[in-house]
Amino acid sequence: MKVNEVLACSFPSWYPLFRKITIKSKIHALPQEFVDYLLADNLILTNTCQPSANYRENASDSEESDGEWDETPAQDAPNFEELDAEVVSSITELGGKVFAKLNWSSPRDASWIALNNSLQCVVPTDIHLLLKSSDFVLHDLTQPFKDCEDKSDETPTINDFHLVLRKWVDIHPGSEFRCFVKNKNLIAISQRDDSQFYSFIGTNREDIITDITSFFKEQIRSKFPLENYVLDVFRSKKDSVKLIDFNPFGITTDAILFDWAEQPLAETTELTTEWDGTPEFRFINVDSGIQANPLRRYGIPEDVVHLASGQDPYKLIDLLNLRSRNNLDDELSD
């Protein structure tokens with residue numbers, strides 16, 4: 001995976017060329033102040049999310065009896081009036097509900113923090129909260145070229161981040177597929193949602209392969225500039241496929257039911273440009289019950305994840321030492 005491949009998969013780079021076969025979207029350049037807000041450690045929502053000025057006056061007597069108000073001045077909430085006005089206009093134009101993302105990533109890992117546990121946004125503050133809470137978005141902002149083999153001190157710095165608003169479409173998770181292209185050949189297709197069994201995928205296996213392959217050859221192959229890349233599509237019904245996104249061909253992109261170190265994705269797998277075989281198709285073909293959602297771990301503090309998985313033994317040692325000290329303090333107090 002190379003730097004130019006990552007740049008080619010940035011949404012503003014490819015959307016103008018494929019707007020007719022993908023979901024209607026609006027692109028907004030992000031001011032540096034908003035990028036700085038997303039990178040800041042604290043989670044302060046914009047002024048439109050703050051309590052009203054007469055909140056204290058309307059507080060009940062029971063609330064006031066619990067104690068005096070903390071008069072410590074709160075940190076000023078950021079305000080992005082111009083950007084928010086543009087976003088409101090775009091949301092209206094796109095039907096009142098949108099899906100938000102940055103150049104590459106969407107905040108899929110932050111859906112747990114939304115009131116509706118969904119990525120559906122109807123006001124600017126919905127977008128602020130999701131973007132601010134997402135590790136995927138943070139990756140876009142801080143290390144988009146992390147896994148590039150040709151990155152160097154001369155690698156360009158991204159100074160033009162964009163907010164992408166896409167018209168909200170209710171897509172059945174079983175109709176989404178991740179497609180892997182190598183040497184401009186569609187070599188593999190994976191069920192996108194690997195946490196569920198969908199019986200209709202196996203039933204329609206041949207039709208799914210045929211429809212996606214035809215869509216790739218007719219709409220993508222000769223138009224997208226890269227030799228190797230990954231694209232996401234959804235097939236709502238027979239003979240109806242739409243483009244969702246492009247991704248770099250490499251470990252930055254989740255291989256879902258495949259593995260980057262194994263065939264057919266591995267670098268050692270050679271294909272000629274004349275190859276025109278049937279792509280390998282993988283899907284969940286056994287109903288083994290409810291599977292764990294891999295994104296759920298993002299709704300748990302990182303320290304808890306490390307303790308549970310054993311990734312950081314020093315945190316476990318610290319926890320045991322703290323428990324030991326607490327027990328000793330309890331004995332002394334008795």
# chains A, B, ... in the order shown; residues from 1 in each chain; ligands from 1
$ residues_around --residues "A:Arg178" --least-positions-apart "5" --cutoff "8 Å" --atoms "only C-alpha atoms" --output "MDAnalysis selection string"
chainID A and resid 189:192 230:233 256
$ write_last_selection --atoms "C-alpha atoms" --output "PDB file, in the first residue's frame"
ATOM      1  CA  ILE A 189     -15.865 -10.680  -2.429  1.00  0.00           C
ATOM      2  CA  SER A 190     -16.716 -10.835   1.268  1.00  0.00           C
ATOM      3  CA  GLN A 191     -19.936 -10.446   3.187  1.00  0.00           C
ATOM      4  CA  ARG A 192     -19.529  -7.039   4.881  1.00  0.00           C
ATOM      5  CA  VAL A 230     -10.954  -2.325  -2.223  1.00  0.00           C
ATOM      6  CA  LEU A 231     -14.496  -1.174  -2.850  1.00  0.00           C
ATOM      7  CA  ASP A 232     -17.673  -1.527  -0.828  1.00  0.00           C
ATOM      8  CA  VAL A 233     -21.003  -1.990  -2.582  1.00  0.00           C
ATOM      9  CA  ILE A 256     -13.419  -9.187   6.846  1.00  0.00           C
TER      10      ILE A 256
END
$ residues_around --residues "A:Thr213" --least-positions-apart "4" --cutoff "12 Å" --atoms "only C-alpha atoms" --output "ChimeraX atom specification"
/A:177,179-181,185-189,206-209,217-221,233,235,239-241,276-281
$ select_by_dssp --residues "stretch 80-324 of chain A" --states "strand (DSSP E or B)" --output "VMD selection string"
chain A and resid 98 to 101 120 to 121 162 to 167 176 to 182 185 to 191 229 to 237 240 to 247 280 to 282
$ residues_around --residues "stretch 98-106 of chain A" --least-positions-apart "2" --cutoff "6 Å" --atoms "only C-alpha atoms" --output "list in words"
Ser10, Phe11, Arg108, Gln120, Cys121, Val137, His162, Leu163, Val164, Leu165, Arg166, Lys167 and Trp168 of chain A
$ atom_distance --atom1 "atom CA of A:Thr253" --atom2 "atom CA of A:Asn4"
15.4 Å
$ select_by_dssp --residues "stretch 162-219 of chain A" --states "helix (DSSP H, G or I)" --output "list in words"
Pro173, Gly174, Ser175, Ser199, Phe200, Ile201, Gly202, Thr203, Arg205, Glu206, Asp207, Ile208, Ile209, Thr210, Asp211, Ile212, Thr213, Ser214, Phe215, Phe216, Lys217, Glu218 and Gln219 of chain A
$ residues_around --residues "A:Glu82" --least-positions-apart "4" --cutoff "12 Å" --atoms "only C-alpha atoms" --output "mmCIF file with N, CA and C atoms, in the first residue's frame"
data_model
loop_
_atom_site.group_PDB
_atom_site.id
_atom_site.type_symbol
_atom_site.label_atom_id
_atom_site.label_comp_id
_atom_site.auth_asym_id
_atom_site.auth_seq_id
_atom_site.Cartn_x
_atom_site.Cartn_y
_atom_site.Cartn_z
ATOM 1 N N HIS A 28 -17.828 19.170 2.665
ATOM 2 C CA HIS A 28 -17.515 20.453 3.283
ATOM 3 C C HIS A 28 -16.060 20.463 3.754
ATOM 4 N N ALA A 29 -15.306 21.450 3.310
ATOM 5 C CA ALA A 29 -13.934 21.606 3.801
ATOM 6 C C ALA A 29 -13.980 21.988 5.271
ATOM 7 N N LEU A 30 -13.151 21.344 6.076
ATOM 8 C CA LEU A 30 -13.148 21.608 7.520
ATOM 9 C C LEU A 30 -12.139 22.704 7.867
ATOM 10 N N PRO A 31 -12.563 23.727 8.597
ATOM 11 C CA PRO A 31 -11.611 24.738 9.053
ATOM 12 C C PRO A 31 -10.663 24.129 10.070
ATOM 13 N N GLU A 33 -9.801 25.128 12.873
ATOM 14 C CA GLU A 33 -10.341 25.207 14.239
ATOM 15 C C GLU A 33 -11.186 23.975 14.566
ATOM 16 N N PHE A 34 -11.912 23.475 13.578
ATOM 17 C CA PHE A 34 -12.736 22.298 13.829
ATOM 18 C C PHE A 34 -11.874 21.050 13.942
ATOM 19 N N GLU A 86 -23.722 25.668 7.050
ATOM 20 C CA GLU A 86 -23.566 24.914 5.803
ATOM 21 C C GLU A 86 -24.058 23.483 5.979
ATOM 22 N N VAL A 87 -23.765 22.894 7.136
ATOM 23 C CA VAL A 87 -24.179 21.517 7.414
ATOM 24 C C VAL A 87 -25.702 21.418 7.482
ATOM 25 N N VAL A 88 -26.335 22.374 8.151
ATOM 26 C CA VAL A 88 -27.799 22.372 8.237
ATOM 27 C C VAL A 88 -28.416 22.438 6.839
ATOM 28 N N SER A 89 -27.857 23.283 5.977
ATOM 29 C CA SER A 89 -28.353 23.408 4.606
ATOM 30 C C SER A 89 -28.200 22.087 3.848
ATOM 31 N N PRO A 124 -26.284 19.305 13.426
ATOM 32 C CA PRO A 124 -24.820 19.343 13.479
ATOM 33 C C PRO A 124 -24.225 18.715 14.726
#
$ atom_distance --atom1 "atom CA of A:Ala110" --atom2 "atom CA of A:Glu81"
24.0 Å
$ closest_residue --among "A:Ser13, A:Ser118, A:Thr203, A:Asn285" --to "A:Asp170" --atoms "only C-alpha atoms"
A:Ser118
$ residues_around --residues "A:Gln32" --least-positions-apart "4" --cutoff "10 Å" --atoms "only C-alpha atoms" --output "list in words"
Asp36, Tyr37, Leu38, Asn159, Asp160 and Phe161 of chain A
$ write_last_selection --atoms "N, CA and C atoms" --output "PDB file, in the first residue's frame"
ATOM      1  N   ASP A  36      -8.811  21.018  15.071  1.00  0.00           N
ATOM      2  CA  ASP A  36      -8.199  21.127  16.397  1.00  0.00           C
ATOM      3  C   ASP A  36      -9.182  20.691  17.477  1.00  0.00           C
ATOM      4  N   TYR A  37     -10.441  21.027  17.301  1.00  0.00           N
ATOM      5  CA  TYR A  37     -11.485  20.623  18.251  1.00  0.00           C
ATOM      6  C   TYR A  37     -11.611  19.103  18.312  1.00  0.00           C
ATOM      7  N   LEU A  38     -11.568  18.457  17.150  1.00  0.00           N
ATOM      8  CA  LEU A  38     -11.660  16.994  17.117  1.00  0.00           C
ATOM      9  C   LEU A  38     -10.438  16.339  17.752  1.00  0.00           C
ATOM     10  N   ASN A 159      -3.645  18.727   4.846  1.00  0.00           N
ATOM     11  CA  ASN A 159      -4.118  20.005   5.374  1.00  0.00           C
ATOM     12  C   ASN A 159      -5.538  20.331   4.925  1.00  0.00           C
ATOM     13  N   ASP A 160      -6.126  19.438   4.161  1.00  0.00           N
ATOM     14  CA  ASP A 160      -7.469  19.706   3.646  1.00  0.00           C
ATOM     15  C   ASP A 160      -8.416  18.556   3.980  1.00  0.00           C
ATOM     16  N   PHE A 161      -8.735  18.456   5.260  1.00  0.00           N
ATOM     17  CA  PHE A 161      -9.704  17.451   5.683  1.00  0.00           C
ATOM     18  C   PHE A 161     -11.101  17.922   5.317  1.00  0.00           C
TER      19      PHE A 161
END
$ closest_residue --among "A:Thr210, A:Asn79, A:Asn228, A:Asn183" --to "A:Lys2" --atoms "only C-alpha atoms"
A:Asn228
$ closest_residue --among "A:Phe234, A:Lys182, A:Asp135, A:Val6" --to "A:Ala266" --atoms "only C-alpha atoms"
A:Lys182
$ atom_distance --atom1 "atom CA of A:Glu149" --atom2 "atom CA of A:Pro107"
25.7 Å
$ closest_residue --among "A:Ser175, A:Val123, A:Asp259, A:Ile212" --to "A:Phe200" --atoms "only C-alpha atoms"
A:Ser175
$ decode --residues "stretch 194-226 of chain A" --atoms "N, CA and C atoms" --output "JSON list (two decimals), in the first residue's frame"
[["chain", "number", "residue", "atom", "x", "y", "z"],
["A", 194, "ASP", "N", -19.89, -9.46, 9.17],
["A", 194, "ASP", "CA", -19.49, -10.84, 9.48],
["A", 194, "ASP", "C", -19.96, -11.29, 10.86],
["A", 195, "SER", "N", -20.90, -10.56, 11.48],
["A", 195, "SER", "CA", -21.39, -10.94, 12.80],
["A", 195, "SER", "C", -22.73, -11.67, 12.73],
["A", 196, "GLN", "N", -23.28, -11.79, 11.51],
["A", 196, "GLN", "CA", -24.61, -12.39, 11.38],
["A", 196, "GLN", "C", -24.66, -13.39, 10.24],
["A", 197, "PHE", "N", -25.59, -14.33, 10.36],
["A", 197, "PHE", "CA", -25.88, -15.28, 9.29],
["A", 197, "PHE", "C", -27.12, -14.81, 8.54],
["A", 198, "TYR", "N", -26.98, -14.65, 7.23],
["A", 198, "TYR", "CA", -28.12, -14.26, 6.39],
["A", 198, "TYR", "C", -28.35, -15.37, 5.37],
["A", 199, "SER", "N", -29.43, -16.10, 5.53],
["A", 199, "SER", "CA", -29.68, -17.27, 4.69],
["A", 199, "SER", "C", -29.81, -16.91, 3.21],
["A", 200, "PHE", "N", -30.31, -15.69, 2.92],
["A", 200, "PHE", "CA", -30.55, -15.33, 1.52],
["A", 200, "PHE", "C", -29.25, -15.14, 0.74],
["A", 201, "ILE", "N", -28.12, -14.92, 1.45],
["A", 201, "ILE", "CA", -26.85, -14.77, 0.72],
["A", 201, "ILE", "C", -26.46, -16.08, 0.05],
["A", 202, "GLY", "N", -26.54, -17.17, 0.80],
["A", 202, "GLY", "CA", -26.21, -18.46, 0.21],
["A", 202, "GLY", "C", -27.17, -18.85, -0.89],
["A", 203, "THR", "N", -28.45, -18.55, -0.69],
["A", 203, "THR", "CA", -29.47, -18.89, -1.68],
["A", 203, "THR", "C", -29.23, -18.16, -3.00],
["A", 204, "ASN", "N", -28.76, -16.90, -2.90],
["A", 204, "ASN", "CA", -28.56, -16.07, -4.09],
["A", 204, "ASN", "C", -27.08, -15.91, -4.45],
["A", 205, "ARG", "N", -26.25, -16.83, -4.01],
["A", 205, "ARG", "CA", -24.81, -16.71, -4.17],
["A", 205, "ARG", "C", -24.39, -16.41, -5.61],
["A", 206, "GLU", "N", -24.85, -17.19, -6.55],
["A", 206, "GLU", "CA", -24.42, -17.01, -7.94],
["A", 206, "GLU", "C", -24.88, -15.68, -8.51],
["A", 207, "ASP", "N", -26.10, -15.29, -8.19],
["A", 207, "ASP", "CA", -26.61, -14.00, -8.68],
["A", 207, "ASP", "C", -25.83, -12.84, -8.09],
["A", 208, "ILE", "N", -25.45, -12.95, -6.81],
["A", 208, "ILE", "CA", -24.68, -11.89, -6.15],
["A", 208, "ILE", "C", -23.33, -11.72, -6.85],
["A", 209, "ILE", "N", -22.65, -12.83, -7.10],
["A", 209, "ILE", "CA", -21.35, -12.77, -7.77],
["A", 209, "ILE", "C", -21.50, -12.17, -9.16],
["A", 210, "THR", "N", -22.51, -12.61, -9.90],
["A", 210, "THR", "CA", -22.73, -12.11, -11.27],
["A", 210, "THR", "C", -23.02, -10.62, -11.28],
["A", 211, "ASP", "N", -23.91, -10.17, -10.39],
["A", 211, "ASP", "CA", -24.29, -8.76, -10.37],
["A", 211, "ASP", "C", -23.12, -7.86, -9.99],
["A", 212, "ILE", "N", -22.37, -8.25, -8.97],
["A", 212, "ILE", "CA", -21.25, -7.42, -8.53],
["A", 212, "ILE", "C", -20.14, -7.41, -9.58],
["A", 213, "THR", "N", -19.87, -8.56, -10.19],
["A", 213, "THR", "CA", -18.85, -8.63, -11.23],
["A", 213, "THR", "C", -19.21, -7.76, -12.43],
["A", 214, "SER", "N", -20.46, -7.81, -12.84],
["A", 214, "SER", "CA", -20.91, -6.99, -13.96],
["A", 214, "SER", "C", -20.81, -5.51, -13.62],
["A", 215, "PHE", "N", -21.21, -5.14, -12.42],
["A", 215, "PHE", "CA", -21.13, -3.76, -11.97],
["A", 215, "PHE", "C", -19.69, -3.27, -11.99],
["A", 216, "PHE", "N", -18.79, -4.10, -11.49],
["A", 216, "PHE", "CA", -17.37, -3.74, -11.47],
["A", 216, "PHE", "C", -16.83, -3.51, -12.88],
["A", 217, "LYS", "N", -17.11, -4.44, -13.78],
["A", 217, "LYS", "CA", -16.56, -4.34, -15.13],
["A", 217, "LYS", "C", -17.14, -3.15, -15.90],
["A", 218, "GLU", "N", -18.43, -2.87, -15.69],
["A", 218, "GLU", "CA", -19.09, -1.84, -16.47],
["A", 218, "GLU", "C", -18.90, -0.43, -15.90],
["A", 219, "GLN", "N", -18.81, -0.32, -14.56],
["A", 219, "GLN", "CA", -18.84, 1.00, -13.94],
["A", 219, "GLN", "C", -17.54, 1.42, -13.25],
["A", 220, "ILE", "N", -16.69, 0.47, -12.88],
["A", 220, "ILE", "CA", -15.53, 0.79, -12.04],
["A", 220, "ILE", "C", -14.20, 0.56, -12.73],
["A", 221, "ARG", "N", -14.03, -0.59, -13.29],
["A", 221, "ARG", "CA", -12.72, -1.09, -13.74],
["A", 221, "ARG", "C", -11.93, -0.08, -14.57],
["A", 222, "SER", "N", -12.53, 0.51, -15.57],
["A", 222, "SER", "CA", -11.80, 1.39, -16.47],
["A", 222, "SER", "C", -11.73, 2.83, -15.98],
["A", 223, "LYS", "N", -12.46, 3.14, -14.91],
["A", 223, "LYS", "CA", -12.55, 4.53, -14.45],
["A", 223, "LYS", "C", -11.70, 4.83, -13.23],
["A", 224, "PHE", "N", -11.57, 3.86, -12.31],
["A", 224, "PHE", "CA", -10.79, 4.14, -11.10],
["A", 224, "PHE", "C", -9.31, 4.02, -11.43],
["A", 225, "PRO", "N", -8.47, 4.97, -11.00],
["A", 225, "PRO", "CA", -7.09, 5.04, -11.48],
["A", 225, "PRO", "C", -6.13, 4.00, -10.92],
["A", 226, "LEU", "N", -6.45, 3.36, -9.81],
["A", 226, "LEU", "CA", -5.50, 2.43, -9.18],
["A", 226, "LEU", "C", -5.57, 1.03, -9.77]]
